[in-house]
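**Q** Got a structure for you, my_file-v2.cif, holding mmCIF, C-alpha atoms.
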```cif
data_input
#
loop_
_atom_site.label_atom_id
_atom_site.label_comp_id
_atom_site.auth_asym_id
_atom_site.auth_seq_id
_atom_site.Cartn_x
_atom_site.Cartn_y
_atom_site.Cartn_z
CA GLN M 1 0.00 0.00 0.00
CA VAL M 2 1.25 3.45 -0.96
CA GLN M 3 0.24 6.64 0.81
CA LEU M 4 0.43 9.93 -1.05
CA ALA M 5 0.05 13.55 0.07
CA GLU M 6 0.13 16.51 -2.32
CA SER M 7 1.07 20.10 -1.63
CA GLY M 8 1.94 23.24 -3.54
CA GLY M 9 -1.25 24.21 -5.32
CA GLY M 10 -2.50 27.76 -5.51
CA LEU M 11 -3.58 30.66 -7.68
CA VAL M 12 -1.29 31.89 -10.45
CA GLN M 13 -1.63 34.12 -13.47
CA ALA M 14 -1.43 32.72 -16.97
CA GLY M 15 2.20 32.33 -18.01
CA GLY M 16 3.31 31.75 -14.44
CA SER M 17 4.75 28.70 -12.72
CA LEU M 18 3.93 26.40 -9.82
CA ARG M 19 5.62 23.35 -8.38
CA LEU M 20 3.56 20.58 -6.86
CA SER M 21 5.03 18.07 -4.44
CA CYS M 22 3.82 14.62 -3.45
CA ALA M 23 5.15 12.92 -0.34
CA VAL M 24 5.28 9.14 -0.82
CA SER M 25 5.20 6.58 1.99
CA GLY M 26 4.38 2.94 2.47
CA ARG M 27 5.93 -0.34 1.48
CA ASN M 28 7.30 -1.80 -1.73
CA PHE M 29 6.70 1.08 -4.09
CA SER M 30 9.98 0.54 -5.96
CA ARG M 31 8.10 -1.03 -8.90
CA TYR M 32 5.57 1.76 -9.10
CA ALA M 33 5.15 4.73 -11.35
CA MET M 34 4.05 7.91 -9.64
CA GLY M 35 1.64 9.95 -11.67
CA TRP M 36 -0.12 13.27 -11.71
CA LEU M 37 -3.69 13.46 -12.91
CA ARG M 38 -6.02 16.43 -12.90
CA GLN M 39 -9.73 17.04 -12.90
CA ALA M 40 -11.07 20.28 -14.31
CA PRO M 41 -14.54 21.52 -13.34
CA GLY M 42 -17.17 19.53 -15.16
CA LYS M 43 -14.64 17.23 -16.81
CA GLU M 44 -13.32 13.75 -16.30
CA ARG M 45 -10.08 13.06 -14.50
CA ALA M 46 -7.17 13.03 -16.97
CA PHE M 47 -3.58 11.89 -17.05
CA VAL M 48 -0.93 14.63 -16.91
CA ALA M 49 2.47 13.04 -16.27
CA ALA M 50 4.21 10.12 -14.59
CA VAL M 51 7.66 8.99 -13.55
CA GLY M 52 8.95 5.51 -12.79
CA TRP M 53 10.11 5.40 -9.20
CA THR M 54 13.14 3.22 -9.89
CA THR M 55 13.69 3.75 -13.62
CA GLY M 56 13.08 7.50 -13.74
CA ASN M 57 11.30 7.06 -17.07
CA THR M 58 8.88 9.91 -17.72
CA HIS M 59 5.59 10.14 -19.59
CA TYR M 60 3.51 13.20 -20.45
CA ALA M 61 0.15 14.06 -21.87
CA ASP M 62 0.48 15.90 -25.18
CA SER M 63 -1.18 18.97 -23.70
CA VAL M 64 1.65 19.54 -21.19
CA LYS M 65 4.73 18.41 -23.11
CA GLY M 66 7.39 21.10 -23.10
CA ARG M 67 5.71 22.98 -20.23
CA PHE M 68 5.55 20.50 -17.34
CA THR M 69 8.35 18.40 -15.88
CA VAL M 70 7.80 15.43 -13.58
CA SER M 71 10.62 14.19 -11.37
CA ARG M 72 11.26 12.24 -8.20
CA ASP M 73 13.73 12.43 -5.35
CA THR M 74 14.11 8.91 -3.99
CA ALA M 75 16.11 10.11 -0.99
CA LYS M 76 13.24 12.39 0.08
CA ASN M 77 10.47 10.04 -1.07
CA THR M 78 8.94 12.91 -2.99
CA VAL M 79 7.56 13.36 -6.50
CA TYR M 80 7.41 16.79 -8.12
CA LEU M 81 5.49 18.39 -10.94
CA GLN M 82 7.08 21.60 -12.17
CA MET M 83 4.49 23.52 -14.19
CA ASN M 84 5.65 26.40 -16.38
CA SER M 85 3.84 28.59 -18.91
CA LEU M 86 0.57 27.82 -17.19
CA LYS M 87 -2.68 28.34 -19.08
CA PRO M 88 -6.24 28.83 -17.79
CA GLU M 89 -7.09 25.37 -19.14
CA ASP M 90 -4.57 23.88 -16.69
CA THR M 91 -6.96 24.80 -13.87
CA GLY M 92 -8.20 21.87 -11.82
CA VAL M 93 -7.60 19.62 -8.87
CA TYR M 94 -4.29 17.84 -9.25
CA PHE M 95 -3.95 14.37 -7.79
CA CYS M 96 -0.85 12.35 -7.12
CA ALA M 97 -1.38 8.66 -7.86
CA ALA M 98 0.57 5.42 -7.94
CA GLU M 99 0.35 2.30 -10.05
CA GLY M 100 2.67 -0.45 -11.20
CA GLU M 101 5.09 0.89 -13.78
CA LEU M 102 4.50 -2.06 -16.10
CA CYS M 103 0.94 -0.78 -16.54
CA ILE M 104 1.84 2.83 -17.22
CA THR M 105 1.16 2.86 -20.96
CA SER M 106 -2.39 1.70 -20.36
CA MET M 107 -2.90 3.91 -17.30
CA MET M 108 -2.21 7.02 -19.39
CA ARG M 109 -5.38 6.36 -21.39
CA PRO M 110 -8.51 8.37 -20.49
CA GLU M 111 -10.62 5.30 -19.77
CA TYR M 112 -8.18 4.18 -17.07
CA ALA M 113 -7.68 7.57 -15.40
CA ARG M 114 -9.74 6.62 -12.33
CA LEU M 115 -8.21 3.14 -11.98
CA TRP M 116 -4.85 4.06 -10.52
CA GLY M 117 -4.39 2.04 -7.34
CA SER M 118 -3.43 4.74 -4.81
CA TRP M 119 -4.40 8.41 -4.59
CA GLY M 120 -3.61 11.52 -2.66
CA GLN M 121 -6.28 13.95 -1.53
CA GLY M 122 -5.66 16.43 -4.36
CA THR M 123 -4.52 20.03 -4.49
CA GLN M 124 -6.24 22.89 -6.29
CA VAL M 125 -4.46 24.77 -9.08
CA THR M 126 -6.16 27.85 -10.48
CA VAL M 127 -4.74 29.76 -13.43
CA SER M 128 -6.27 33.15 -14.05
CA SER M 129 -6.33 34.75 -17.48
#
```
Kindly present the structure from the file in structure tokens form.
**A**
Amino acid sequence: QVQLAESGGGLVQAGGSLRLSCAVSGRNFSRYAMGWLRQAPGKERAFVAAVGWTTGNTHYADSVKGRFTVSRDTAKNTVYLQMNSLKPEDTGVYFCAAEGELCITSMMRPEYARLWGSWGQGTQVTVSS
């Protein structure tokens, strides 16, 4: 079981930056990928980015490529999402999630967005125009 706790959300103007953090705890998460998903008002939860805990391999949704960077610090048991050039459409609740890294290609798909095995409580990001 993996426990996750996000922090770092807030209000920012379009073009600005925010960094989200996710504290990871629990047992045997070395084979996991840690992901970020978001849910905009009135929309379904959607994949944003993920990083393999041991491999460091990264994956991004097309909508954030070149603007967001996902990383992890294994010494601090923390996952980060650096968000630059933020747009109003990036507004939403951002969730940290965990799932086996072997499944990551499937888990990026919209129909599997809610099926990640472990979740944090979410943190609100609001981008004003």
**Q** Apply the PyMOL selection byres ((chain M and resi 20) around 6) to the file shown and report the selected residues as number ranges by chain.
**A** M: 7-8, 19, 21, 80-81
**Q** Pick from M:Gln121, M:Lys87, M:Asp73, M:Ala98: nearest to Gln1 of chain M, with all atoms listed in the file counted?
**A**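 The closest residue to Gln1 of chain M is M:Ala98.
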**Q** Quick one: apply the PyMOL selection byres ((chain M and resi 10) around 7) to the file and drop the selected residues here as a ChimeraX atom specification.
**A** /M:8-9,11-12,124-126
**Q** Could you write out the selected residues, including C-alpha atoms, as a tab-separated table (two decimals), keeping the file's coordinate frame?
**A**
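File produced: result19.tsv:
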```
chain	number	residue	atom	x	y	z
M	8	GLY	CA	1.94	23.24	-3.54
M	9	GLY	CA	-1.25	24.21	-5.32
M	11	LEU	CA	-3.58	30.66	-7.68
M	12	VAL	CA	-1.29	31.89	-10.45
M	124	GLN	CA	-6.24	22.89	-6.29
M	125	VAL	CA	-4.46	24.77	-9.08
M	126	THR	CA	-6.16	27.85	-10.48
```
**Q** For a test of reading the model, state the distance in Å between atom CA of Cys103 of chain M and atom CA of Tyr32 of chain M, rounded to one decimal.
**A**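 Going from atom CA of Cys103 of chain M over to atom CA of Tyr32 of chain M, I get 9.1 Å.
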**Q** If the PyMOL selection byres ((chain M and resi 79) around 12) were run on this exact file, what residues would it hold? Put them as a ChimeraX atom specification.
**A** /M:4-8,19-25,33-36,49-53,56,58,69-78,80-82,95-98,120
**Q** Quick one: pull the distance between atom CA of Val48 of chain M and atom CA of Ala61 of chain M, Å, one decimal.
**A**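 Going from atom CA of Val48 of chain M over to atom CA of Ala61 of chain M covers 5.1 Å.
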**Q** Calculated over all atoms listed in the file, which of the candidates M:Val93, M:Leu115, M:Val127, M:Met108 has the smallest distance to Gly42 of chain M?
**A** M:Val93
**Q** Quick one, how far is atom CA of Phe29 of chain M from atom CA of Asp90 of chain M?
**A**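 So the two atoms, atom CA of Phe29 of chain M and atom CA of Asp90 of chain M, lie 28.4 Å apart.
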**Q** Could you check the closest approach to Lys43 of chain M for each of M:Thr91, M:Gln3, M:Ser128, M:Asn57 and tell me which residue wins, using all atoms listed in the file?
**A**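 Closest to Lys43 of chain M, using all atoms listed in the file: M:Thr91.
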**Q** Listed atoms of segment 54-60 of chain M, axis-aligned box, 5 Å per side: centre and edge lengths to one decimal in Å, as lines of an AutoDock Vina configuration file?
**A**
```
center_x = 8.6
center_y = 8.2
center_z = -15.2
size_x = 20.2
size_y = 20.0
size_z = 20.6
```
**Q** Of the residues M:Gly92, M:Thr55, M:Val2, M:Arg45, which is the one nearest to Thr123 of chain M, using only C-alpha atoms?
**A**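 Under the stated criterion, the closest residue is M:Gly92.
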**Q** Give the answer as one residue: which of M:Ser63, M:Ser106, M:Ser118, M:Ser30 has the shortest atom-to-atom distance to Ser85 of chain M, using all atoms listed in the file?
**A**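 Distance minimum relative to Ser85 of chain M lands on M:Ser63.
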**Q** Smallest atom-to-atom distance to Glu44 of chain M: which of M:Ser129, M:Leu18, M:Gly122, M:Tyr112, using all atoms listed in the file?
**A**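 Result for the nearest residue to Glu44 of chain M: M:Tyr112.
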